[in-house]
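This report refers to the structure that appears directly beneath it.
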Amino acid sequence: MVQRRPWHGVEWSLFIVLTGANLLGLLYTLLHIREHSLQVTLLTIGAILLAYGAPFLFWRPNYTHAMWYPIAVLVAGVPQQFYLAWMEQDLLLIINCPLMVVGFLTDRKNAWWTAPVFMVGMPNVYFNLLHSDMGIGQLFSFILNASLFFAIGLSLQRVVTSNEHTEKLLAENQRQYRLIHEQNNALEQYANQIEQMTLVEERSRMARELHDTVGHTFTSVIMGMDAVSYLMEASPEMARQKLDVLRDVTRAGLEEVRRSIHQMAPREGDSLLSQQLMRLANEFALHTGTQIRFDTRGDEFDLPKMTKLSLIRCLQESLTNAKRHGGAGQIAVELAFADDHIRLQVADNGAGSDQIKAGFGIAAMQERIAALHGMLQVDSQAGEGTTVTCTIPARRLSAL
C-alpha cells in the first residue's frame, strides 16, 4: 500500500487543484470575516488547514499511502464539510477535490470500503443530518456529485497506470533490443570465428589429402624411374613397358588429387577395405620393387567411408615413409577385424630410428585417427625397422 516514487504530472495537477481549492476556502473565510466572530473565523481557518494538512501526511511527493489517505480524509475532511455546512457554506465545493484524490488512490485492496463510503455513505449522512428537509432529488444530486468526482480520480489513476505500463513496456523493449543487438553482434563474431576455423580445418584437410596422395604417388614414380634408368641399357623393351606403367600410375595419382580437391571419396569407396588396401600395397610393391605381404585377420565387415579413408591414407603414408626414410625392402601389412575395433599394422625392415620425429605425415595420421576416437602408435628402433599401428573403434552390425 506504500509507494515511494516521484509524482507523475497527473498527481502534481491534482495537488495543485487540491491546494487551490483550500486556498479559495481560506480566501472566502477571510472575505467574510466580519460576518462571524473572531473565534468562529479562527475555528474555520483551523478546520480548513486540518482538512488539508492531515491527508497530506499520507500523500506527498515520493510517498503515498493508499490506505491511510482515505481514512485521513474521512476523519479530517468530512467533519469539515459538516462544519462548513453548519456555517451555511457550500459543502461540495470543499470535498470535491479530496474526493478526486481518494478515487485516484483507490485500488482493489481498498475499493471495497472507499467507494461505498465516499460515494453513498457520506452524501446520505450529510443529507440526513443537515438537509433532510430537502427533496429526495437533492440526495441523488449529492450522490451523483460525489460519484462523479470519485470517478474522475479513478479515471486519472487508470491513465497513470496505463502510462506506467507503457513506459515499462517501452523500457523492456529497449532492453530487449539492446540484448538482441548484443547477441546479434556476438553471433556475428561467432560466425566469423566458425568461418575462420572451418577454412583452417578445410585447408588442413586438403593439405593432408594432397600430402598423402601426392607423396605416395611420387614415391612410386621415383622408385619406378630409378628402375627404368637401369633397364634402358640392359633391356630397352622392358624399360619402355615400365614407363608405360609409370605413366598409368601418374595418371591415377592425378585423378586421386582431383578427387581430393573435389572432396570425393576414393574410387574404391564402395568395395571392401581389404581389397582397397591390398590393391594399394600391390601397386606400391610393383613400382618400388618392395616385397609386401598383406594379411587379413578376422571376419571383415562394412565400415563407414571416413574410417576406410583414414586407414587408406595411413597405409599410404606408412608405405611412403618406410621406403623414403627407412629404405625398407620388405613390409608386412596386417588388417585385423575385431568385434569392437579394427587395427591396421604396417611393419618394415628399414633402418628405423631410436627417436621418431613426428613430421607432417605422422601428424596428419594422428589427426585422422583422433577424429575417429582411435589411436596411432609408432614403434621404431635403429636397425630394426619401424612398426605403425592404427586402431579405430568399430562395431560389427548385427544381422536383422
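Note on naming: chains are A, B, ... as they come in the C-alpha cells, residues start from 1 per chain, ligands start from 1 in the order shown.
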Exercise for review: Pick out the residues sitting within 10 Å of Met122 (chain A), and hand them over as a list in words; count only C-alpha atoms, and ignore anything fewer than 6 positions along from it in its own chain.
Suggested key: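 Returned residues: Leu74, Val78, Pro116, Phe142, Ile143 and Ala146 of chain A.
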What would the file look like if the residues just selected were written as an mmCIF file, in the first residue's frame with N, CA and C atoms?
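Contents of part.cif, as written:
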data_model
loop_
_atom_site.group_PDB
_atom_site.id
_atom_site.type_symbol
_atom_site.label_atom_id
_atom_site.label_comp_id
_atom_site.auth_asym_id
_atom_site.auth_seq_id
_atom_site.Cartn_x
_atom_site.Cartn_y
_atom_site.Cartn_z
ATOM 1 N N LEU A 74 -11.500 10.962 5.618
ATOM 2 C CA LEU A 74 -12.741 10.641 6.323
ATOM 3 C C LEU A 74 -12.749 11.248 7.718
ATOM 4 N N VAL A 78 -14.334 15.129 6.189
ATOM 5 C CA VAL A 78 -15.797 15.031 6.283
ATOM 6 C C VAL A 78 -16.348 15.891 7.410
ATOM 7 N N PRO A 116 -18.154 2.758 -1.483
ATOM 8 C CA PRO A 116 -19.470 2.967 -0.858
ATOM 9 C C PRO A 116 -19.491 4.085 0.180
ATOM 10 N N PHE A 142 -26.475 14.926 -4.493
ATOM 11 C CA PHE A 142 -25.258 14.782 -3.684
ATOM 12 C C PHE A 142 -24.500 13.507 -4.070
ATOM 13 N N ILE A 143 -25.251 12.404 -4.193
ATOM 14 C CA ILE A 143 -24.612 11.117 -4.540
ATOM 15 C C ILE A 143 -23.964 11.196 -5.928
ATOM 16 N N ALA A 146 -20.740 13.327 -5.741
ATOM 17 C CA ALA A 146 -19.630 12.589 -5.125
ATOM 18 C C ALA A 146 -19.124 11.485 -6.056
#
Point to revise | Thr288 (chain A) surroundings by only C-alpha atoms, 7 Å radius, close-in-sequence under 2 positions cut, as JSON, numbers by chain | key: {"A": [220, 223, 224, 284, 285, 286, 290]}
Would you save the residues of that selection, restricted to N, CA, C and O atoms, as an mmCIF file, in the first residue's frame?
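Full text of again_4.cif as output:
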data_model
loop_
_atom_site.group_PDB
_atom_site.id
_atom_site.type_symbol
_atom_site.label_atom_id
_atom_site.label_comp_id
_atom_site.auth_asym_id
_atom_site.auth_seq_id
_atom_site.Cartn_x
_atom_site.Cartn_y
_atom_site.Cartn_z
ATOM 1 N N SER A 220 56.204 -43.747 -55.595
ATOM 2 C CA SER A 220 56.136 -44.879 -56.524
ATOM 3 C C SER A 220 56.773 -44.542 -57.856
ATOM 4 O O SER A 220 57.524 -45.348 -58.449
ATOM 5 N N MET A 223 60.677 -44.242 -57.580
ATOM 6 C CA MET A 223 61.291 -45.563 -57.485
ATOM 7 C C MET A 223 61.247 -46.284 -58.836
ATOM 8 O O MET A 223 62.206 -46.943 -59.254
ATOM 9 N N GLY A 224 60.109 -46.167 -59.539
ATOM 10 C CA GLY A 224 59.989 -46.795 -60.853
ATOM 11 C C GLY A 224 60.946 -46.201 -61.862
ATOM 12 O O GLY A 224 61.542 -46.912 -62.695
ATOM 13 N N PHE A 284 52.104 -50.369 -54.964
ATOM 14 C CA PHE A 284 53.333 -49.817 -54.400
ATOM 15 C C PHE A 284 54.484 -50.803 -54.540
ATOM 16 O O PHE A 284 55.625 -50.418 -54.862
ATOM 17 N N ALA A 285 54.195 -52.097 -54.306
ATOM 18 C CA ALA A 285 55.238 -53.108 -54.427
ATOM 19 C C ALA A 285 55.730 -53.211 -55.869
ATOM 20 O O ALA A 285 56.933 -53.379 -56.129
ATOM 21 N N LEU A 286 54.822 -53.108 -56.837
ATOM 22 C CA LEU A 286 55.171 -53.242 -58.234
ATOM 23 C C LEU A 286 56.077 -52.110 -58.691
ATOM 24 O O LEU A 286 57.056 -52.334 -59.412
ATOM 25 N N THR A 290 59.445 -53.335 -53.839
ATOM 26 C CA THR A 290 59.403 -53.714 -52.428
ATOM 27 C C THR A 290 58.573 -54.975 -52.257
ATOM 28 O O THR A 290 57.517 -55.119 -52.887
#
Check your understanding: Any idea what the distance is between CA of Asp299 (chain A) and CA of Gln377 (chain A)?
Key ->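 Rounded to one decimal, the two atoms are 23.5 Å apart.
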Practice item. Write out as an NGL selection string all residues of region 356-386 of chain A that DSSP puts in helix (DSSP H, G or I) for this structure's backbone. Key: :A and (360-371)
Check your understanding: Which is closest to Cys314 (chain A) among A:Pro70, A:Gly361, A:Gly352, A:Pro55, if we use only C-alpha atoms?
Key -> A:Gly361
Review point. Any idea what's packed within 7 Å of Gly385 (chain A), counting only C-alpha atoms, ignoring anything in its chain fewer than 3 positions away? Could you give it as a count of residues only?
Key: 8
Practice item. Tell me which of A:Ser204, A:Ser147, A:Ser155, A:Asn163 sits closest to Ala363 (chain A), counting only C-alpha atoms. Key: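 Selected residue with least distance to Ala363 (chain A): A:Ser204.
Counting only C-alpha atoms, Met225 (chain A) has the following residues at most 12 Å away, ignoring those fewer than 2 positions along the same chain: Phe218, Thr219, Ser220, Val221, Ile222, Met223, Ala227, Val228, Ser229, Tyr230, Leu231, Met232, Ala239, Arg240, Gln241, Lys242, Leu243, Asp244, Val245, Leu246, Arg247, Val249, Thr250, His287, Thr288 and Gly289 of chain A.
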Practice item. Please provide as a count of residues only all residues within 12 Å of Ile331 (chain A), with the sequence filter that same-chain residues fewer than 2 positions apart are discarded (counting only C-alpha atoms). Key: 35
Practice item. Write out as a VMD selection string which residues come within 12 Å of Ser13 (chain A) when counting only C-alpha atoms, dropping same-chain ones fewer than 3 positions away. Key: chain A and resid 7 to 10 16 to 20 97 100 to 101 104 153 156
Output file for the residues above (N, CA and C atoms, as an mmCIF file, in the first residue's frame):
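Generated file (again.cif):
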data_model
loop_
_atom_site.group_PDB
_atom_site.id
_atom_site.type_symbol
_atom_site.label_atom_id
_atom_site.label_comp_id
_atom_site.auth_asym_id
_atom_site.auth_seq_id
_atom_site.Cartn_x
_atom_site.Cartn_y
_atom_site.Cartn_z
ATOM 1 N N TRP A 7 6.326 11.867 -8.166
ATOM 2 C CA TRP A 7 4.977 12.043 -8.678
ATOM 3 C C TRP A 7 4.984 12.183 -10.196
ATOM 4 N N HIS A 8 3.893 11.736 -10.789
ATOM 5 C CA HIS A 8 3.651 11.963 -12.207
ATOM 6 C C HIS A 8 3.011 13.333 -12.402
ATOM 7 N N GLY A 9 2.905 13.716 -13.652
ATOM 8 C CA GLY A 9 2.290 15.008 -13.946
ATOM 9 C C GLY A 9 0.850 15.091 -13.490
ATOM 10 N N VAL A 10 0.097 13.977 -13.578
ATOM 11 C CA VAL A 10 -1.299 13.970 -13.135
ATOM 12 C C VAL A 10 -1.390 14.215 -11.637
ATOM 13 N N ILE A 16 -2.090 20.530 -7.193
ATOM 14 C CA ILE A 16 -2.305 21.968 -7.421
ATOM 15 C C ILE A 16 -3.784 22.316 -7.278
ATOM 16 N N VAL A 17 -4.658 21.483 -7.842
ATOM 17 C CA VAL A 17 -6.098 21.737 -7.738
ATOM 18 C C VAL A 17 -6.542 21.664 -6.289
ATOM 19 N N LEU A 18 -6.062 20.644 -5.562
ATOM 20 C CA LEU A 18 -6.450 20.492 -4.147
ATOM 21 C C LEU A 18 -5.976 21.685 -3.321
ATOM 22 N N THR A 19 -4.730 22.090 -3.551
ATOM 23 C CA THR A 19 -4.194 23.239 -2.806
ATOM 24 C C THR A 19 -4.952 24.517 -3.164
ATOM 25 N N GLY A 20 -5.249 24.673 -4.454
ATOM 26 C CA GLY A 20 -6.007 25.858 -4.869
ATOM 27 C C GLY A 20 -7.384 25.910 -4.257
ATOM 28 N N CYS A 97 -12.428 18.076 -4.399
ATOM 29 C CA CYS A 97 -11.012 17.810 -4.721
ATOM 30 C C CYS A 97 -10.443 16.644 -3.920
ATOM 31 N N MET A 100 -11.545 13.448 -5.515
ATOM 32 C CA MET A 100 -10.792 13.039 -6.699
ATOM 33 C C MET A 100 -9.501 12.312 -6.317
ATOM 34 N N VAL A 101 -8.822 12.812 -5.268
ATOM 35 C CA VAL A 101 -7.583 12.167 -4.835
ATOM 36 C C VAL A 101 -7.873 10.785 -4.262
ATOM 37 N N PHE A 104 -8.405 8.572 -7.030
ATOM 38 C CA PHE A 104 -7.127 8.316 -7.696
ATOM 39 C C PHE A 104 -6.326 7.250 -6.959
ATOM 40 N N GLY A 153 -11.222 10.877 -10.405
ATOM 41 C CA GLY A 153 -9.943 10.441 -9.817
ATOM 42 C C GLY A 153 -9.579 9.020 -10.237
ATOM 43 N N LEU A 156 -8.313 9.080 -13.773
ATOM 44 C CA LEU A 156 -6.940 9.589 -13.830
ATOM 45 C C LEU A 156 -5.939 8.522 -13.392
#
Point to revise | For Met119 (chain A): contacts at 10 Å, only C-alpha atoms, fewer than 5 positions along chain excluded, given as JSON, numbers by chain | key: {"A": [99, 103, 114, 124, 142, 143, 144, 145, 146, 147, 148, 149, 150, 151]}
Exercise for review: Find the distance between CA of Arg313 (chain A) and CA of Met365 (chain A) and write it in Å to one decimal.
Suggested key: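 Separation between CA of Arg313 (chain A) and CA of Met365 (chain A): 7.5 Å.
Between CA of Val117 (chain A) and CA of Trp12 (chain A) the separation is 25.5 Å.
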